[in-house]
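Containing mmCIF, C-alpha atoms and all ligand atoms: target_7.cif.
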```cif
data_target
#
loop_
_atom_site.label_atom_id
_atom_site.label_comp_id
_atom_site.auth_asym_id
_atom_site.auth_seq_id
_atom_site.Cartn_x
_atom_site.Cartn_y
_atom_site.Cartn_z
CA MET A 1 4.06 -7.82 14.37
CA HIS A 2 4.61 -4.86 12.04
CA LEU A 3 1.30 -3.96 10.45
CA ALA A 4 2.61 -1.10 8.38
CA VAL A 5 6.07 -0.40 7.09
CA PRO A 6 7.74 2.76 8.42
CA ASN A 7 7.25 5.99 6.50
CA LYS A 8 10.85 5.88 5.34
CA TYR A 9 9.89 2.95 3.11
CA ARG A 10 6.32 3.95 2.32
CA GLU A 11 7.44 7.32 1.06
CA ALA A 12 10.56 6.13 -0.77
CA SER A 13 10.66 6.24 -4.56
CA GLU A 14 10.37 3.01 -6.51
CA LYS A 15 13.96 3.51 -7.62
CA ASP A 16 15.20 3.68 -4.00
CA LEU A 17 13.14 0.65 -2.95
CA ARG A 18 14.49 -1.37 -5.83
CA GLN A 19 18.03 -0.32 -4.94
CA ALA A 20 17.50 -1.29 -1.28
CA ILE A 21 16.39 -4.78 -2.33
CA LEU A 22 19.30 -5.17 -4.76
CA ASP A 23 21.75 -4.02 -2.05
CA ALA A 24 20.34 -6.57 0.41
CA LYS A 25 20.67 -9.31 -2.20
CA ASP A 26 24.31 -8.32 -2.81
CA ARG A 27 25.04 -8.13 0.91
CA LEU A 28 23.45 -11.43 1.85
CA THR A 29 24.13 -13.46 -1.32
CA ASP A 30 23.06 -17.05 -0.66
CA LYS A 31 22.21 -16.38 3.00
CA MET A 32 18.85 -15.05 1.79
CA VAL A 33 16.41 -16.52 -0.68
CA ILE A 34 13.35 -14.64 -1.92
CA LEU A 35 10.47 -16.88 -2.96
CA ALA A 36 7.67 -15.26 -4.96
CA HIS A 37 4.32 -16.79 -5.79
CA HIS A 38 3.07 -16.40 -9.36
CA TYR A 39 0.21 -14.17 -8.15
CA GLN A 40 2.50 -11.49 -6.75
CA ARG A 41 2.62 -8.03 -8.33
CA ARG A 42 5.03 -7.95 -11.25
CA GLU A 43 7.43 -5.52 -9.53
CA VAL A 44 7.66 -7.84 -6.50
CA ALA A 45 7.84 -11.11 -8.45
CA GLU A 46 10.77 -9.64 -10.37
CA PHE A 47 12.93 -9.95 -7.25
CA GLY A 48 12.07 -13.59 -6.61
CA ASP A 49 15.08 -15.89 -6.75
CA PHE A 50 12.38 -18.44 -7.47
CA ILE A 51 8.91 -17.77 -8.85
CA GLY A 52 6.47 -20.62 -8.63
CA ASP A 53 3.27 -22.05 -7.26
CA SER A 54 2.90 -23.21 -3.69
CA TYR A 55 4.17 -26.69 -4.55
CA ASP A 56 7.36 -25.50 -6.30
CA LEU A 57 8.08 -22.98 -3.60
CA SER A 58 7.54 -25.33 -0.67
CA ARG A 59 9.90 -27.81 -2.32
CA THR A 60 12.44 -25.04 -2.90
CA ALA A 61 12.13 -23.90 0.72
CA SER A 62 12.88 -27.45 1.88
CA GLU A 63 15.96 -27.69 -0.37
CA ARG A 64 17.70 -24.31 0.14
CA LYS A 65 19.56 -25.22 3.30
CA SER A 66 22.24 -22.54 2.74
CA ALA A 67 19.73 -19.71 3.16
CA LYS A 68 19.41 -18.49 6.73
CA TYR A 69 16.63 -16.12 5.68
CA ILE A 70 13.65 -17.27 3.61
CA VAL A 71 11.58 -14.28 2.49
CA PHE A 72 8.26 -15.58 1.20
CA CYS A 73 6.30 -13.18 -1.01
CA GLY A 74 2.98 -14.96 -0.84
CA VAL A 75 0.31 -15.53 1.79
CA HIS A 76 0.43 -16.73 5.38
CA PHE A 77 -0.10 -20.48 4.88
CA MET A 78 2.80 -20.56 2.40
CA ALA A 79 5.22 -18.95 4.84
CA GLU A 80 4.01 -21.33 7.55
CA SER A 81 4.70 -24.28 5.25
CA ALA A 82 8.18 -22.94 4.53
CA ASP A 83 8.83 -22.71 8.27
CA ILE A 84 7.60 -26.27 8.79
CA LEU A 85 9.83 -27.64 6.03
CA SER A 86 12.92 -25.55 6.72
CA ALA A 87 15.80 -26.43 9.03
CA ASP A 88 15.96 -25.12 12.61
CA ASN A 89 18.59 -22.52 11.75
CA GLN A 90 16.46 -20.98 9.00
CA GLN A 91 14.11 -18.05 9.54
CA VAL A 92 11.00 -17.36 7.49
CA PHE A 93 9.52 -13.92 6.79
CA LEU A 94 6.24 -12.84 5.23
CA PRO A 95 6.83 -9.27 4.00
CA ASN A 96 3.20 -8.30 4.56
CA PRO A 97 1.90 -10.07 7.68
CA LEU A 98 -1.71 -9.23 6.77
CA ALA A 99 -1.58 -11.38 3.63
CA GLY A 100 -3.80 -14.35 4.47
CA CYS A 101 -5.93 -16.70 2.40
CA PRO A 102 -9.71 -16.50 2.88
CA MET A 103 -10.11 -20.07 1.64
CA ALA A 104 -7.63 -21.41 4.20
CA ASP A 105 -9.56 -19.49 6.87
CA MET A 106 -12.74 -21.38 5.95
CA ALA A 107 -11.39 -24.53 7.63
CA GLU A 108 -10.76 -23.58 11.25
CA ILE A 109 -9.30 -26.34 13.34
CA ASP A 110 -12.12 -26.32 15.94
CA ASP A 111 -14.71 -26.89 13.21
CA VAL A 112 -12.55 -29.62 11.67
CA MET A 113 -12.12 -31.38 15.00
CA ALA A 114 -15.87 -31.22 15.67
CA ALA A 115 -16.54 -32.84 12.29
CA TRP A 116 -13.93 -35.52 12.89
CA ARG A 117 -15.40 -36.34 16.33
CA TYR A 118 -18.81 -36.81 14.78
CA LEU A 119 -17.40 -39.06 12.06
CA LYS A 120 -15.53 -41.06 14.70
CA ASP A 121 -18.71 -41.57 16.71
CA ALA A 122 -20.40 -42.72 13.50
CA GLY A 123 -17.65 -45.35 13.12
CA LEU A 124 -16.29 -43.84 9.91
CA THR A 125 -12.81 -42.57 10.73
CA ASP A 126 -11.27 -46.09 10.83
CA LYS A 127 -11.82 -46.34 7.09
CA MET A 128 -11.07 -42.70 6.28
CA LEU A 129 -7.98 -40.54 5.78
CA PRO A 130 -7.84 -36.73 5.78
CA LEU A 131 -6.23 -34.85 2.91
CA SER A 132 -5.78 -31.12 2.99
CA TYR A 133 -4.96 -28.77 0.19
CA MET A 134 -1.79 -26.80 0.79
CA ASN A 135 -4.00 -23.74 1.27
CA SER A 136 -4.69 -24.45 4.93
CA ALA A 137 -3.40 -23.44 8.34
CA ALA A 138 -0.53 -25.30 10.00
CA GLN A 139 -2.92 -26.76 12.60
CA LEU A 140 -4.98 -28.43 9.90
CA LYS A 141 -1.83 -29.79 8.28
CA ALA A 142 -0.79 -31.18 11.67
CA PHE A 143 -4.19 -32.83 12.08
CA CYS A 144 -3.70 -34.58 8.72
CA GLY A 145 -0.23 -35.75 9.75
CA ARG A 146 -1.51 -37.14 13.07
CA GLU A 147 -4.42 -38.97 11.48
CA GLY A 148 -2.31 -40.70 8.79
CA GLY A 149 -3.19 -38.32 5.99
CA LEU A 150 -1.27 -35.83 3.88
CA ILE A 151 -1.24 -32.52 2.05
CA CYS A 152 -1.54 -31.86 -1.67
CA THR A 153 -1.36 -28.95 -4.06
CA SER A 154 -3.24 -28.54 -7.32
CA SER A 155 -0.15 -30.07 -9.02
CA ASN A 156 -0.35 -33.40 -7.25
CA ALA A 157 -3.96 -33.61 -5.98
CA LYS A 158 -4.84 -36.60 -8.18
CA ALA A 159 -1.74 -38.51 -7.06
CA ALA A 160 -2.61 -37.69 -3.44
CA TYR A 161 -6.15 -39.07 -3.95
CA GLU A 162 -4.62 -42.28 -5.33
CA TRP A 163 -2.31 -42.44 -2.31
CA VAL A 164 -5.30 -42.20 0.02
CA TYR A 165 -7.51 -44.68 -1.83
CA GLU A 166 -4.70 -47.26 -1.77
CA ARG A 167 -4.94 -47.09 2.02
CA ALA A 168 -8.53 -46.19 2.88
CA GLU A 169 -12.08 -46.47 1.63
CA LYS A 170 -13.04 -42.86 2.32
CA LEU A 171 -11.31 -39.51 1.90
CA PHE A 172 -12.09 -36.26 3.74
CA PHE A 173 -10.78 -33.32 1.68
CA PHE A 174 -10.17 -29.79 3.05
CA PRO A 175 -10.83 -26.89 2.42
CA ASP A 176 -11.67 -26.41 -1.30
CA GLU A 177 -14.85 -28.18 -2.34
CA ASN A 178 -14.25 -27.31 -6.02
CA LEU A 179 -10.75 -28.71 -6.37
CA GLY A 180 -11.92 -31.67 -4.26
CA TYR A 181 -14.96 -32.29 -6.46
CA ASN A 182 -13.06 -31.89 -9.74
CA VAL A 183 -10.38 -34.38 -8.74
CA GLY A 184 -13.04 -36.80 -7.45
CA HIS A 185 -14.81 -36.54 -10.78
CA TRP A 186 -11.56 -37.23 -12.69
CA MET A 187 -11.04 -40.25 -10.44
CA GLY A 188 -14.44 -41.58 -11.56
CA ILE A 189 -16.18 -41.21 -8.19
CA PRO A 190 -19.92 -40.92 -8.90
CA ASP A 191 -21.87 -37.94 -7.54
CA GLU A 192 -23.91 -40.21 -5.23
CA GLN A 193 -20.68 -41.00 -3.37
CA ILE A 194 -19.60 -37.38 -2.94
CA VAL A 195 -20.96 -35.23 -0.09
CA ILE A 196 -20.18 -31.71 1.09
CA TRP A 197 -19.64 -31.15 4.79
CA ASP A 198 -21.12 -27.74 5.64
CA PHE A 199 -19.49 -26.82 8.94
CA ARG A 200 -22.18 -24.19 9.55
CA SER A 201 -24.95 -26.82 9.58
CA GLU A 202 -25.65 -29.37 12.25
CA LEU A 203 -23.87 -32.66 11.49
CA GLY A 204 -22.44 -31.14 8.33
CA GLY A 205 -25.91 -30.92 6.80
CA ILE A 206 -25.53 -34.46 5.41
CA ASP A 207 -28.07 -37.22 5.62
CA PRO A 208 -26.44 -39.95 7.85
CA GLU A 209 -27.20 -42.71 5.35
CA ARG A 210 -25.56 -40.75 2.50
CA LEU A 211 -22.58 -40.15 4.72
CA GLN A 212 -22.21 -43.89 5.39
CA ASN A 213 -22.13 -44.56 1.64
CA ALA A 214 -19.92 -41.62 0.69
CA ARG A 215 -16.37 -42.23 -0.54
CA LEU A 216 -15.47 -38.56 -0.78
CA ILE A 217 -16.38 -35.95 1.83
CA LEU A 218 -15.61 -32.37 0.84
CA TRP A 219 -15.21 -29.52 3.27
CA LYS A 220 -17.39 -26.58 2.23
CA GLY A 221 -14.84 -23.94 1.21
CA HIS A 222 -13.87 -22.13 -1.95
CA CYS A 223 -11.52 -19.57 -3.48
CA HIS A 224 -13.43 -16.40 -4.28
CA VAL A 225 -10.92 -15.54 -7.02
CA HIS A 226 -11.41 -18.75 -9.01
CA THR A 227 -15.15 -19.08 -8.43
CA ASN A 228 -15.44 -15.72 -10.20
CA PHE A 229 -15.21 -17.52 -13.51
CA LYS A 230 -18.54 -18.69 -14.92
CA LYS A 231 -19.69 -20.80 -17.81
CA HIS A 232 -21.20 -17.71 -19.48
CA HIS A 233 -17.69 -16.18 -19.59
CA ILE A 234 -16.54 -19.20 -21.59
CA ASP A 235 -19.52 -18.90 -23.96
CA ALA A 236 -18.88 -15.18 -24.50
CA VAL A 237 -15.15 -15.61 -25.11
CA ARG A 238 -15.70 -18.46 -27.58
CA ALA A 239 -18.36 -16.49 -29.45
CA GLU A 240 -15.99 -13.55 -29.89
CA ASN A 241 -12.79 -15.56 -30.51
CA PRO A 242 -13.61 -18.89 -32.21
CA GLU A 243 -9.90 -19.83 -32.26
CA VAL A 244 -9.39 -19.22 -28.52
CA LYS A 245 -7.77 -21.75 -26.19
CA ILE A 246 -9.17 -21.58 -22.65
CA VAL A 247 -7.02 -22.72 -19.74
CA VAL A 248 -8.29 -22.62 -16.14
CA HIS A 249 -7.23 -23.52 -12.62
CA PRO A 250 -8.89 -26.52 -10.90
CA GLU A 251 -10.17 -24.29 -8.06
CA CYS A 252 -12.82 -23.19 -10.61
CA THR A 253 -16.24 -24.81 -10.45
CA TRP A 254 -16.91 -27.99 -12.41
CA ASP A 255 -19.00 -26.35 -15.16
CA VAL A 256 -16.07 -24.03 -15.97
CA VAL A 257 -13.46 -26.80 -15.73
CA ALA A 258 -15.56 -29.13 -17.92
CA ASN A 259 -15.89 -26.53 -20.68
CA ALA A 260 -12.27 -25.32 -20.76
CA ASP A 261 -9.67 -26.66 -23.20
CA ALA A 262 -7.12 -27.33 -20.48
CA VAL A 263 -7.11 -27.43 -16.67
CA GLY A 264 -4.21 -27.46 -14.28
CA SER A 265 -2.15 -25.91 -11.55
CA THR A 266 -0.57 -22.50 -11.80
CA LYS A 267 2.62 -24.12 -13.09
CA PHE A 268 0.57 -26.06 -15.65
CA ILE A 269 -1.03 -22.80 -16.84
CA VAL A 270 2.39 -21.12 -17.22
CA ASP A 271 3.72 -24.09 -19.22
CA PHE A 272 0.53 -24.27 -21.31
CA ILE A 273 0.83 -20.62 -22.33
CA ASP A 274 4.53 -21.09 -23.07
CA ARG A 275 3.77 -24.01 -25.42
CA GLN A 276 1.19 -22.17 -27.56
CA PRO A 277 2.60 -20.85 -30.85
CA ALA A 278 2.97 -17.16 -31.66
CA GLY A 279 -0.35 -15.60 -32.68
CA SER A 280 -2.36 -17.80 -30.30
CA VAL A 281 -5.40 -16.39 -28.54
CA ILE A 282 -5.51 -17.62 -24.93
CA ALA A 283 -8.13 -16.87 -22.27
CA VAL A 284 -6.97 -17.67 -18.76
CA GLY A 285 -9.07 -18.50 -15.71
CA THR A 286 -6.79 -17.62 -12.81
CA GLU A 287 -5.42 -14.69 -10.83
CA ILE A 288 -4.95 -11.45 -12.75
CA ASN A 289 -1.32 -10.78 -11.78
CA LEU A 290 -0.22 -14.03 -13.37
CA ILE A 291 -2.31 -13.29 -16.48
CA ASN A 292 -0.79 -9.81 -16.80
CA ARG A 293 2.74 -11.14 -16.35
CA MET A 294 2.17 -13.77 -19.03
CA ALA A 295 0.73 -11.14 -21.41
CA HIS A 296 3.82 -9.01 -20.80
CA ARG A 297 6.19 -11.97 -21.29
CA TYR A 298 4.58 -13.10 -24.57
CA PRO A 299 3.72 -9.97 -26.59
CA ASP A 300 3.34 -12.21 -29.69
CA LYS A 301 0.31 -13.99 -28.15
CA LYS A 302 -3.06 -12.52 -27.23
CA ILE A 303 -3.47 -13.42 -23.55
CA PHE A 304 -6.37 -12.14 -21.45
CA GLY A 305 -8.52 -12.96 -18.44
CA LEU A 306 -11.51 -15.22 -19.00
CA SER A 307 -13.95 -13.06 -17.06
CA GLY A 308 -13.68 -9.87 -19.14
CA GLN A 309 -14.36 -6.81 -17.03
CA THR A 310 -14.56 -8.77 -13.77
CA CYS A 311 -11.02 -8.57 -12.44
CA PRO A 312 -9.96 -11.80 -10.71
CA VAL A 313 -7.52 -10.31 -8.23
CA CYS A 314 -6.39 -11.98 -5.03
CA ALA A 315 -6.37 -8.97 -2.72
CA ASN A 316 -4.18 -10.83 -0.25
CA MET A 317 -1.49 -11.67 -2.76
CA TYR A 318 -1.72 -8.05 -3.89
CA ARG A 319 -0.98 -6.76 -0.40
CA THR A 320 2.76 -7.28 -0.67
CA THR A 321 4.40 -4.16 -2.07
CA LEU A 322 7.94 -3.25 -2.97
CA ALA A 323 8.03 -1.19 0.25
CA ASP A 324 7.12 -4.31 2.31
CA LEU A 325 9.83 -6.31 0.60
CA ALA A 326 12.48 -3.59 0.93
CA TYR A 327 11.64 -3.06 4.61
CA THR A 328 11.82 -6.80 5.32
CA VAL A 329 15.12 -7.50 3.58
CA ASP A 330 16.65 -4.42 5.24
CA ASN A 331 15.53 -5.46 8.73
CA LEU A 332 15.83 -9.23 8.91
CA GLU A 333 17.29 -9.14 12.41
CA THR A 334 14.35 -7.21 13.86
CA CYS A 335 11.36 -8.08 11.64
CA ASP A 336 8.76 -10.50 12.99
CA ARG A 337 9.18 -14.03 11.71
CA ILE A 338 6.64 -16.67 10.88
CA VAL A 339 7.16 -19.29 13.57
CA VAL A 340 4.99 -22.41 13.81
CA ASP A 341 4.67 -23.97 17.26
CA PRO A 342 7.12 -26.93 17.47
CA ALA A 343 4.42 -29.46 18.45
CA ILE A 344 2.26 -28.46 15.46
CA LYS A 345 5.34 -28.36 13.26
CA ALA A 346 6.28 -31.98 13.93
CA ASP A 347 2.88 -33.37 12.88
CA ALA A 348 2.47 -30.95 9.99
CA ARG A 349 5.91 -31.91 8.67
CA ILE A 350 4.81 -35.56 8.48
CA ALA A 351 1.87 -34.57 6.26
CA LEU A 352 3.97 -32.21 4.13
CA ASN A 353 6.77 -34.72 3.66
CA ARG A 354 4.20 -37.25 2.43
CA MET A 355 3.11 -34.58 -0.08
CA LEU A 356 6.66 -34.12 -1.33
CA GLU A 357 6.90 -37.86 -1.97
CA VAL A 358 3.67 -38.00 -4.00
CA HIS A 359 3.89 -36.80 -7.61
S1 LIG A 401 -6.03 -16.96 -4.99
FE1 LIG A 401 -7.61 -17.92 -3.67
S2 LIG A 401 -6.66 -19.71 -2.76
FE2 LIG A 401 -5.00 -18.42 -3.60
S3 LIG A 401 -4.33 -17.17 -1.85
FE3 LIG A 401 -5.88 -15.97 -2.96
S4 LIG A 401 -7.83 -16.50 -1.93
FE4 LIG A 401 -6.33 -18.04 -1.30
#
```

Once you've parsed the file, please lay out its structure as structure tokens.
Ligand code: SF4
Amino acid sequence: MHLAVPNKYREASEKDLRQAILDAKDRLTDKMVILAHHYQRREVAEFGDFIGDSYDLSRTASERKSAKYIVFCGVHFMAESADILSADNQQVFLPNPLAGCPMADMAEIDDVMAAWRYLKDAGLTDKMLPLSYMNSAAQLKAFCGREGGLICTSSNAKAAYEWVYERAEKLFFFPDENLGYNVGHWMGIPDEQIVIWDFRSELGGIDPERLQNARLILWKGHCHVHTNFKKHHIDAVRAENPEVKIVVHPECTWDVVANADAVGSTKFIVDFIDRQPAGSVIAVGTEINLINRMAHRYPDKKIFGLSGQTCPVCANMYRTTLADLAYTVDNLETCDRIVVDPAIKADARIALNRMLEVH
């Protein structure tokens, strides 16, 4: 695994790096597709043949059969998902192999399996299905596929909940307790029927009787970028800009979500900003690179981050530089690929394909 790009790329000028990427695109035409997540740096996102959220990009990866090389400017779980959904002759690359997702890392498969064993012994797994957010490792996705469950993104989480509750009484959601809680709340599940499984505590830290009555079990995990936003940020922004529209991502905590004007996936946020008329004042509760790109794209609207001076940056998304991308596209034959073990891939693909069918 390359942990640092060679000096030739690190020391190259931005102009030369950009030219190297353009040359590779010309050389490879439709044999290569560059997928860029919305949270990528602007100069990297600019080279994306597709820019989107994890849902759009995983769908695109599954459809672009002509591309031998899929270069995924995002984080590790996204490239893994692209490898799971792509054909055998396709190769997936993550330009910066250190770009992970701390939230995905909060649900390690050994902890998940220990929880599931306990729930099985308690006689609960027969009436329960697992559902994992896209932001999870391939092994967790495979577990969901094996156990009859599926994957969702923030775009289709509510539809995925409905899919589960048509088939089971209880749902175990991984790894984001905030997205899981918010969707449960929108589904009308009362708080008494929602519990949080704390994998660091014995037996999840849940009273056994409460567990028996719970309809929604949430894995204790969160995104540190989106939990940055607080209710007092909303109060301050509204006090200063009475006309403001506040749009936030559903990985934010419930008190933020409940007090925003609109809530939705990254794609929803992009479309929301697009729909607002010129002169609008819009405060956004999501990753700073997306906010900055939107502010740049719409100079006729006042667009800014909800948390003021607290910069909501995803350091992992930020890891991918132009030098990483140039090095990768120049060295596709020798660069390390993201390769998911075939046994894990088969089960994970079942769960991901169910996701693609649920809207
Ligand atoms: S923004 Fe949050 S959920 Fe998304 S990759 Fe970064 S840490 Fe993970």

With distances taken over only C-alpha atoms and all ligand atoms, the candidate from A:Met78, A:Met355, A:Ala283, A:Val5 nearest ligand LIG 401 (chain A) is A:Met78

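Using only C-alpha atoms and all ligand atoms, the smallest distance between any of A:His185, A:His224, A:Arg238, A:Arg293 and ligand LIG 401 (chain A) comes from A:His224.
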
Using only C-alpha atoms and all ligand atoms, which protein or nucleic acid residues are at most 10 Å from ligand LIG 401 (chain A), as JSON, numbers by chain?
{"A": [37, 39, 53, 54, 74, 75, 76, 77, 78, 99, 100, 101, 102, 103, 104, 105, 133, 134, 135, 136, 175, 176, 222, 223, 224, 225, 226, 227, 251, 286, 287, 288, 312, 313, 314, 315, 316, 317, 318]}

Using all atoms listed in the file, what residues lie at most 10 Å away from (-10.0, -31.7, -14.7) (file coordinates), given as a ChimeraX atom specification?
/A:158,179,181-187,248-252,254,256-264

Check the smallest atom-to-atom distance from each of A:Ala24, A:Val244, A:Ile338, A:Ala214 to A:Pro190 using all atoms listed in the file, then report the winner.
A:Ala214

Extract, using all atoms listed in the file, all DNA, RNA and protein residues at most 8 Å from A:Trp197, discarding same-chain residues fewer than 4 positions from it, and format them as an MDAnalysis selection string.
chainID A and resid 204:206 217:220

Output file for the selection above: C-alpha atoms, as an mmCIF file, in the frame of the given file:
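Everything below was put into result34.cif:
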```
data_model
loop_
_atom_site.group_PDB
_atom_site.id
_atom_site.type_symbol
_atom_site.label_atom_id
_atom_site.label_comp_id
_atom_site.auth_asym_id
_atom_site.auth_seq_id
_atom_site.Cartn_x
_atom_site.Cartn_y
_atom_site.Cartn_z
ATOM 1 C CA GLY A 204 -22.440 -31.140 8.330
ATOM 2 C CA GLY A 205 -25.910 -30.920 6.800
ATOM 3 C CA ILE A 206 -25.530 -34.460 5.410
ATOM 4 C CA ILE A 217 -16.380 -35.950 1.830
ATOM 5 C CA LEU A 218 -15.610 -32.370 0.840
ATOM 6 C CA TRP A 219 -15.210 -29.520 3.270
ATOM 7 C CA LYS A 220 -17.390 -26.580 2.230
#
```

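Each of A:Gln91, A:Asn96, A:Leu57, A:Ile51 was compared to A:Thr321 using all atoms listed in the file, and A:Asn96 turns out to be the nearest.
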
For A:Pro97, find every residue with an atom within 10 Å (counting all atoms listed in the file), except residues of its own chain fewer than 4 positions away, and show them as a compact mmCIF listing (two decimals) with C-alpha atoms, in the coordinates of the input.
```
# COMPACT_ATOMS: atom_id res chain seq x y z
CA MET A 1 4.06 -7.82 14.37
CA HIS A 2 4.61 -4.86 12.04
CA LEU A 3 1.30 -3.96 10.45
CA ALA A 4 2.61 -1.10 8.38
CA GLY A 74 2.98 -14.96 -0.84
CA VAL A 75 0.31 -15.53 1.79
CA HIS A 76 0.43 -16.73 5.38
CA ALA A 79 5.22 -18.95 4.84
CA PHE A 93 9.52 -13.92 6.79
CA ARG A 319 -0.98 -6.76 -0.40
CA THR A 320 2.76 -7.28 -0.67
CA ASP A 324 7.12 -4.31 2.31
CA ASP A 336 8.76 -10.50 12.99
CA ARG A 337 9.18 -14.03 11.71
CA ILE A 338 6.64 -16.67 10.88
```

Under the rule that all atoms listed in the file are counted, which of A:Glu162, A:Ala114, A:Pro130, A:Phe229 is the nearest residue to A:Asp198?
A:Ala114

What is the distance between atom CA of A:Ala115 and atom CA of A:Phe172, in Å to one decimal?
10.2 Å

Given all atoms listed in the file as the basis, pick out the residue of A:Arg167, A:His232, A:Arg146, A:Lys301 nearest to A:Ala351.
A:Arg146

Take atom CA of A:Val92 and atom CA of A:Ile70 and report the distance between them in Å, one decimal.
4.7 Å

Leaving out stretch 342-347 of chain A and any residue of its chain fewer than 2 positions from it, which residues lie within 10 Å of it when counting all atoms listed in the file, given as a list of chain:residue names?
A:Glu80, A:Ser81, A:Asp83, A:Ile84, A:Leu85, A:Ala138, A:Gln139, A:Leu140, A:Lys141, A:Ala142, A:Phe143, A:Cys144, A:Gly145, A:Arg146, A:Glu147, A:Gly148, A:Val339, A:Val340, A:Arg349, A:Ile350, A:Ala351, A:Leu352

Mind pulling up the distance from atom CA of A:Asn292 to atom CA of A:His233?
18.3 Å

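If you count only C-alpha atoms and ignore residues fewer than 6 places along the chain from A:Tyr9, what sits within 9 Å of it is Asp16, Leu17, Leu322, Ala323, Asp324, Ala326 and Tyr327 of chain A.
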
Please, which residues are within 6 Å of (-11.0, -18.3, -20.8) by the file's coordinates, counting all atoms listed in the file, and could they come as a PyMOL selection string?
chain A and resi 234+246+283-285+306

Output as a tab-separated table (two decimals), keeping the file's coordinate frame: stretch 284-289 of chain A, completed with all heavy atoms.
```
chain	number	residue	atom	x	y	z
A	284	VAL	N	-7.51	-16.99	-19.94
A	284	VAL	CA	-6.97	-17.67	-18.76
A	284	VAL	C	-7.89	-17.47	-17.56
A	284	VAL	O	-8.27	-16.34	-17.24
A	284	VAL	CB	-5.56	-17.13	-18.43
A	284	VAL	CG1	-4.92	-17.96	-17.32
A	284	VAL	CG2	-4.67	-17.13	-19.67
A	285	GLY	N	-8.22	-18.56	-16.90
A	285	GLY	CA	-9.07	-18.50	-15.71
A	285	GLY	C	-8.24	-18.67	-14.46
A	285	GLY	O	-8.23	-19.75	-13.85
A	286	THR	N	-7.51	-17.62	-14.09
A	286	THR	CA	-6.79	-17.62	-12.81
A	286	THR	C	-6.53	-16.18	-12.39
A	286	THR	O	-7.11	-15.25	-12.95
A	286	THR	CB	-5.50	-18.47	-12.87
A	286	THR	OG1	-5.05	-18.70	-11.54
A	286	THR	CG2	-4.39	-17.79	-13.65
A	287	GLU	N	-5.64	-16.00	-11.44
A	287	GLU	CA	-5.42	-14.69	-10.83
A	287	GLU	C	-4.83	-13.69	-11.83
A	287	GLU	O	-3.96	-14.04	-12.63
A	287	GLU	CB	-4.50	-14.88	-9.62
A	287	GLU	CG	-4.75	-13.91	-8.49
A	287	GLU	CD	-4.05	-12.59	-8.65
A	287	GLU	OE1	-3.09	-12.50	-9.45
A	287	GLU	OE2	-4.47	-11.62	-7.99
A	288	ILE	N	-5.27	-12.45	-11.72
A	288	ILE	CA	-4.95	-11.45	-12.75
A	288	ILE	C	-3.46	-11.10	-12.83
A	288	ILE	O	-2.95	-10.80	-13.92
A	288	ILE	CB	-5.79	-10.16	-12.55
A	288	ILE	CG1	-5.72	-9.23	-13.76
A	288	ILE	CG2	-5.39	-9.41	-11.29
A	288	ILE	CD1	-6.38	-9.78	-14.99
A	289	ASN	N	-2.74	-11.15	-11.72
A	289	ASN	CA	-1.32	-10.78	-11.78
A	289	ASN	C	-0.52	-11.76	-12.62
A	289	ASN	O	0.41	-11.37	-13.32
A	289	ASN	CB	-0.73	-10.64	-10.38
A	289	ASN	CG	-1.14	-9.32	-9.76
A	289	ASN	OD1	-0.68	-8.27	-10.17
A	289	ASN	ND2	-2.05	-9.39	-8.80
```
